[in-house]
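Each remark here refers to the structure printed beneath this line.
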Amino acid sequence: MRYIIRWAGLLSLLLLTINPGLAQEADSIDVIGSGIVNPLIEALANQGEHAPLDIRTTGSATGIDRFCNGDIDLATAIRPMSAGENAICGSNEVSYSELLIAHHIVAFIAHPASALECLPATNLETALKPTASDELLDWSLFDPELTDVPLTLVMPSDDRVDYLILDRLVAGDGLRGDIMPYSDIQTALDRVAETAGALGIVPWSQALQNNPAVNLLDFDGDGSGACASPSVLNIEADSYPAVLSMYLIVNQARLADKESLAEFMRFVTDSDNASLILAAGLTPPSETTYELNAKLLTDDPSSAGVVDFLAPSGLSGRVRIVGSANAAGVIERVASALSQDNASLEIVQDFAGRANGLAALCAGEADIALLDADLTDGDLEACAASGIATLPTTLGSQATILIGNAADEHTRCLSTDQINTIWRAESAGTVTNWSDVDPSFPDLGMTLFGMSLLDQSTDILLQTAGEVTPPIRRDTEKDFSPLYRAAAVGNVPGALTYMDWTDYQRVLDNDQANIQAVQVDGGAGCVAPASANIEDGSYALSRPASLLISQKSLSEISAQSFLWTLFDAENWPDVEQEGFIGRAALELPSLRLELQGWFAEAEAIYLAADAMSESAADSETAEDESGSG
């Protein structure tokens with residue numbers, strides 16, 4: 001994401017609204033960071049009786065950097081902490097919690113007579129990029145038949161947060177200049193309502209949902225064809241990217257020692273006060289996020305889930321991980337990182353499939369089972385019947401994305417049977433024309449750009465598309481660069497390729513022309529390869545990854561350290577790089593909080609039982625020795 005230098009002018013303006021006092025009472029609250037978030041914090045502080053706030057505007061990055069020195073109560077930011085910033089806080093032993101407190105959402109509206117329902121990100125970029133000024137002047141971008149309807153862009157001026165959000169969505173420096181700026185939202189709504197061919201960009205509010213004067217558009221933010229409405233749930237599921245989210249980072253040690261800070265944080269994270277965020281022109285987070293925020297602000301700082309558990313040096317012991325191989329790359333990286341610093345720690349990876357892995361776990365022969373399908377009641381009952389208590393958690397889901405030529409109507413949606421026919425090994429040399437796949441398809445030569453036989457995307461493509469099939473066909477053009485394969489598909493009618501979610505995002509970021517993401521019909525209709533559809537399993541070419549963990553193993557420092565390292569914020573980019581989606585970095589503090597609870601419970605059960613067994617054994621030995629004496 002880019003941050004524009006000219007925003008220094010806006011931040012300077014915002015500075016004028018901030019309390020400049022330097023000498024504050026001992027219980028005053030130090031706040032540093034984003035000039036976009038700080039006015040909200042000040043507005044909240046003005047409600048009720050709170051200790052005074054000493055607010056300084058430095059920008060998100062500088063604020064976080066100074067916060068990690070350990071002598072500041074709160075940092076404000078318009079993004080989550082990066083892995084590097086987390087490492088700085090960790091090196092300074094600054095324990096913190098990161099809270100999502102509000103969203104500034106942008107909505108897209110059109111004239112009420114417009115037939116447009118969903119605005120693709122590619123069209124938005126084409127319409128708003130600087131070079132479109134005085135060139136793209138009609139509505140034909142959105143409807144090829146409407147060349148006689150002028151395009152009127154009702155947009156925020158460049159000193160508004162809405163403009164920043166748009167600028168982050170559009171490549172290049174700034175946006176086109178031939179726009180109709182507005183001074184207030186009602187003026188923008190009136191202009192769009194009165195102007196055929198108007199596209200308006202305004203701050204979202206619930207009132208837009210039922211406003212008959214304008215047409216509220218969905219937004220296809222990743223070019224997948226999956227349209228999402230502007231809502232908090234879609235934003236927090238990463239399905240609607242036209243948003244700037246606001247974060248508050250609190251120093252846990254100071255939270256424990258400073259009642260004025262604790263009281264203010266309880267006020268900020270109380271969902272009963274969401275109306276104050278609405279009054280500031282912003283959107284409160286979801287109820288789930290409010291619950292997470294409250295959990296991170298418990299009275300016991302050790303439950304905050306951030307830097308409290310540290311894997312000790314000189315680890316020894318053995319951790320055995322079994323099951324499917326769908327996240328083997330992630331497991332291998334974590335194992336290597338731990339083994340490199342702990343020569344006496346043995347991490348055994350035995351990926352012999354889901355069934356064998358569950359059998360080993362339920363027999364007490366393994367610590368963690370990696371699974372490539374959702375857990376069933378039968379899975380859990382099998383371990384319970386053997387007296388093995390288990391706990392589940394997830395890594396997310398992977399998916400294979402098919403990309404076709406944008407001009408090919410027949411590849412807009414393919415059934416899993418058709419996908420199987422196209423890519424299976426026995427189709428080599430025989431299925432070479434699209435009419436070979438389906439008689440209704442055109443008489444058009446098929447050009448396939450494939451990948452490695454052992455790639456995870458290949459595995460998902462074949463295993464999920466139908467019954468278990470032989471390896472993928474070999475008579476394809478092979479190249480390991482997703483950008484090359486996508487470009488080739490865009491240039492060749494009848495072409496098709498596939499890749500994982502991460503590479504698909506690279507293709508979208510590269511603005512590859514003339515391609516389309518293929519929707520997949522798994523039996524319930526065509527489903528686009530969108531993040532929400534992958535997460536809920538409705539997109540057929542997806543595969544979940546979950547962990548089933550032996551509770552007894554959670555009492556051992558070796559297994560604890562492995563899981564803590566796996567779900568560490570610094571390592572999470574490796575998980576995402578493997579194409580896993582569905583578990584956001586924002587969830588990690590809550591997950592690690594849950595892990596700490598699991599560790600404590602397991603230790604209470606199993607270490608106490610071991611101690612009792614040792615005590616009983618010692619008593620028997622003492623009795624035997626006494627009797628023999």
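Residue names in the structure tokens use chain letters A, B, ... in the order shown, residue numbers from 1 in each chain, and ligand numbers from 1 in the order shown.
Proximity to A:Ile78 at 9 Å, evaluated using only C-alpha atoms and with sequence-adjacent residues fewer than 5 positions away removed, yields Ser34, Ile36, Val37, Gly59, Ser60, Leu244, Ser245, Met246, Tyr247 and Leu248 of chain A.
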Write a file of the just-selected residues containing C-alpha atoms, as a compact mmCIF listing (two decimals), in the first residue's frame.
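File selection.txt, as written:
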# COMPACT_ATOMS: atom_id res chain seq x y z
CA SER A 34 -1.89 8.63 12.93
CA ILE A 36 -6.39 10.26 10.73
CA VAL A 37 -7.13 8.15 13.83
CA GLY A 59 2.08 9.22 11.30
CA SER A 60 1.49 5.52 11.81
CA LEU A 244 -9.37 2.44 5.70
CA SER A 245 -9.41 0.64 9.04
CA MET A 246 -8.22 2.25 12.25
CA TYR A 247 -6.15 0.56 14.95
CA LEU A 248 -5.27 1.32 18.55
Review point. Which residues come within 12 Å of stretch 417-428 of chain A, counting only C-alpha atoms, excluding same-chain residues fewer than 5 positions away, as a ChimeraX atom specification?
Key: /A:400-402,410-411,433-439,441,446-451,453,458-476,495-498,518-523,540-541
Residues of the last selection are to be written out with N, CA and C atoms, as a compact mmCIF listing (two decimals), in the first residue's frame.
# COMPACT_ATOMS: atom_id res chain seq x y z
N THR A 400 -7.17 -23.60 -5.90
CA THR A 400 -6.61 -23.52 -7.24
C THR A 400 -7.52 -22.61 -8.06
N ILE A 401 -6.91 -21.62 -8.70
CA ILE A 401 -7.65 -20.65 -9.50
C ILE A 401 -7.37 -20.93 -10.98
N LEU A 402 -8.42 -21.13 -11.75
CA LEU A 402 -8.31 -21.31 -13.20
C LEU A 402 -8.44 -19.95 -13.88
N HIS A 410 -17.10 -19.77 -23.22
CA HIS A 410 -17.27 -21.15 -22.72
C HIS A 410 -16.45 -21.43 -21.46
N THR A 411 -15.47 -20.58 -21.14
CA THR A 411 -14.71 -20.81 -19.91
C THR A 411 -15.08 -19.84 -18.80
N ASN A 433 -9.44 -30.04 -28.38
CA ASN A 433 -10.34 -29.01 -28.87
C ASN A 433 -11.44 -28.82 -27.83
N TRP A 434 -11.92 -27.59 -27.69
CA TRP A 434 -12.93 -27.35 -26.67
C TRP A 434 -14.22 -28.12 -26.92
N SER A 435 -14.49 -28.44 -28.16
CA SER A 435 -15.67 -29.26 -28.45
C SER A 435 -15.50 -30.69 -27.97
N ASP A 436 -14.25 -31.11 -27.69
CA ASP A 436 -14.02 -32.44 -27.11
C ASP A 436 -14.46 -32.49 -25.65
N VAL A 437 -14.49 -31.35 -25.00
CA VAL A 437 -14.91 -31.28 -23.60
C VAL A 437 -16.42 -31.30 -23.49
N ASP A 438 -17.07 -30.53 -24.36
CA ASP A 438 -18.53 -30.45 -24.35
C ASP A 438 -18.98 -30.08 -25.76
N PRO A 439 -19.93 -30.81 -26.33
CA PRO A 439 -20.38 -30.52 -27.71
C PRO A 439 -20.90 -29.10 -27.87
N PHE A 441 -19.52 -26.50 -26.67
CA PHE A 441 -18.39 -25.58 -26.72
C PHE A 441 -17.96 -25.37 -28.17
N MET A 446 -7.48 -26.02 -28.06
CA MET A 446 -7.23 -25.84 -26.63
C MET A 446 -5.72 -25.72 -26.40
N THR A 447 -5.32 -24.68 -25.70
CA THR A 447 -3.92 -24.49 -25.32
C THR A 447 -3.84 -24.43 -23.80
N LEU A 448 -3.15 -25.38 -23.21
CA LEU A 448 -3.07 -25.47 -21.76
C LEU A 448 -1.67 -25.10 -21.27
N PHE A 449 -1.62 -24.25 -20.26
CA PHE A 449 -0.35 -23.89 -19.63
C PHE A 449 -0.35 -24.48 -18.23
N GLY A 450 0.47 -25.52 -18.05
CA GLY A 450 0.45 -26.29 -16.81
C GLY A 450 1.60 -25.96 -15.88
N MET A 451 1.71 -26.78 -14.82
CA MET A 451 2.72 -26.58 -13.79
C MET A 451 3.36 -27.92 -13.46
N LEU A 453 3.98 -31.49 -11.76
CA LEU A 453 3.07 -32.58 -11.40
C LEU A 453 2.85 -32.64 -9.89
N THR A 458 -1.85 -28.30 -8.46
CA THR A 458 -2.18 -29.43 -9.32
C THR A 458 -2.94 -30.48 -8.52
N ASP A 459 -2.48 -30.72 -7.31
CA ASP A 459 -3.13 -31.72 -6.46
C ASP A 459 -4.58 -31.35 -6.19
N ILE A 460 -4.81 -30.07 -5.83
CA ILE A 460 -6.18 -29.63 -5.56
C ILE A 460 -7.03 -29.67 -6.82
N LEU A 461 -6.45 -29.30 -7.95
CA LEU A 461 -7.18 -29.30 -9.21
C LEU A 461 -7.76 -30.67 -9.53
N LEU A 462 -6.96 -31.71 -9.33
CA LEU A 462 -7.41 -33.06 -9.69
C LEU A 462 -8.20 -33.74 -8.57
N GLN A 463 -7.74 -33.63 -7.34
CA GLN A 463 -8.39 -34.35 -6.26
C GLN A 463 -9.76 -33.78 -5.92
N THR A 464 -9.94 -32.49 -6.15
CA THR A 464 -11.20 -31.87 -5.79
C THR A 464 -12.19 -31.86 -6.95
N ALA A 465 -11.69 -32.00 -8.17
CA ALA A 465 -12.55 -31.86 -9.33
C ALA A 465 -13.48 -33.05 -9.54
N GLY A 466 -13.26 -34.14 -8.87
CA GLY A 466 -14.14 -35.30 -9.03
C GLY A 466 -13.56 -36.48 -8.29
N GLU A 467 -13.73 -37.66 -8.84
CA GLU A 467 -13.14 -38.84 -8.23
C GLU A 467 -11.62 -38.76 -8.34
N VAL A 468 -10.93 -39.54 -7.53
CA VAL A 468 -9.47 -39.56 -7.58
C VAL A 468 -9.04 -39.95 -8.98
N THR A 469 -8.13 -39.15 -9.56
CA THR A 469 -7.73 -39.36 -10.95
C THR A 469 -6.25 -39.65 -11.05
N PRO A 470 -5.77 -40.12 -12.20
CA PRO A 470 -4.33 -40.27 -12.41
C PRO A 470 -3.66 -38.90 -12.44
N PRO A 471 -2.33 -38.85 -12.51
CA PRO A 471 -1.65 -37.55 -12.55
C PRO A 471 -2.12 -36.70 -13.72
N ILE A 472 -1.77 -35.45 -13.65
CA ILE A 472 -2.21 -34.49 -14.66
C ILE A 472 -1.57 -34.77 -16.01
N ARG A 473 -2.24 -34.36 -17.07
CA ARG A 473 -1.74 -34.60 -18.42
C ARG A 473 -0.39 -33.91 -18.62
N ARG A 474 0.41 -34.48 -19.48
CA ARG A 474 1.77 -33.98 -19.68
C ARG A 474 1.93 -33.16 -20.96
N ASP A 475 0.94 -33.18 -21.85
CA ASP A 475 1.07 -32.48 -23.13
C ASP A 475 0.64 -31.02 -23.00
N THR A 476 1.20 -30.32 -22.02
CA THR A 476 0.87 -28.91 -21.81
C THR A 476 2.12 -28.07 -21.94
N ALA A 495 -7.09 -20.58 -24.52
CA ALA A 495 -6.05 -20.98 -23.57
C ALA A 495 -6.61 -21.04 -22.15
N LEU A 496 -5.92 -21.82 -21.31
CA LEU A 496 -6.34 -22.00 -19.92
C LEU A 496 -5.11 -22.34 -19.09
N THR A 497 -5.06 -21.80 -17.88
CA THR A 497 -4.00 -22.16 -16.94
C THR A 497 -4.57 -22.16 -15.53
N TYR A 498 -3.74 -22.44 -14.55
CA TYR A 498 -4.18 -22.46 -13.15
C TYR A 498 -3.02 -22.08 -12.25
N VAL A 518 -12.01 -18.17 -13.88
CA VAL A 518 -13.07 -19.11 -14.24
C VAL A 518 -13.88 -19.46 -12.99
N GLN A 519 -15.18 -19.33 -13.08
CA GLN A 519 -16.05 -19.80 -12.01
C GLN A 519 -16.18 -21.32 -12.11
N VAL A 520 -16.48 -21.96 -11.01
CA VAL A 520 -16.52 -23.43 -10.96
C VAL A 520 -17.88 -23.88 -10.44
N ASP A 521 -18.47 -24.82 -11.15
CA ASP A 521 -19.75 -25.41 -10.76
C ASP A 521 -19.49 -26.78 -10.15
N GLY A 522 -19.59 -26.85 -8.84
CA GLY A 522 -19.38 -28.12 -8.15
C GLY A 522 -20.66 -28.90 -7.94
N GLY A 523 -21.73 -28.46 -8.60
CA GLY A 523 -23.01 -29.15 -8.49
C GLY A 523 -24.12 -28.26 -7.97
N ALA A 540 -15.47 -25.02 -5.29
CA ALA A 540 -15.13 -26.45 -5.29
C ALA A 540 -13.64 -26.75 -5.31
N LEU A 541 -12.85 -25.89 -5.94
CA LEU A 541 -11.41 -26.16 -6.03
C LEU A 541 -10.68 -25.55 -4.84
Practice item. Go ahead and compute the interatomic distance for atom CA of A:Asp71 and atom CA of A:Lys258, in Å to one decimal. Key: 12.5 Å
**Study point:** Expected answer as a ChimeraX atom specification: helix (DSSP H, G or I) residues in stretch 373-609 of chain A
**Key:** /A:377-385,409-411,416-423,425-427,434-437,456-465,482-491,501-509,531-535,552-555,557-566,572-577,585-609
Review point. Between A:Ile249, A:Gly200, A:Asp148, A:Ala294, which has the minimum distance to A:Gly63 (counting only C-alpha atoms)?
Key: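 Selected residue with least distance to A:Gly63: A:Ile249.
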Review point. Leaving out A:Lys552 and any residue of its chain fewer than 4 positions from it, which residues lie within 9 Å of it when counting only C-alpha atoms, given as number ranges by chain?
Key: A: 367, 388-390, 556, 602-603, 605-606
Practice item. Assign secondary structure with DSSP using the backbone only, and return the residues of stretch 418-583 of chain A in strand (DSSP E) as a list in words. Key: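 Going through stretch 418-583 of chain A, the strand (DSSP E) residues come out as Thr447, Leu448, Phe449, Gly450, Glu477, Lys478, Ala495, Leu496, Thr497, Tyr498, Met499, Asp500, Ile515, Gln516, Ala517, Gln519, Val520, Asp521, Cys526, Val527, Ser542, Arg543, Pro544, Ala545, Ser546, Leu547, Leu548, Ile549 and Ser550 of chain A.
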Practice item. Go ahead and compute the interatomic distance for atom CA of A:Leu361 and atom CA of A:Phe599, in Å to one decimal. Key: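 Calculated distance between atom CA of A:Leu361 and atom CA of A:Phe599 is 18.3 Å.
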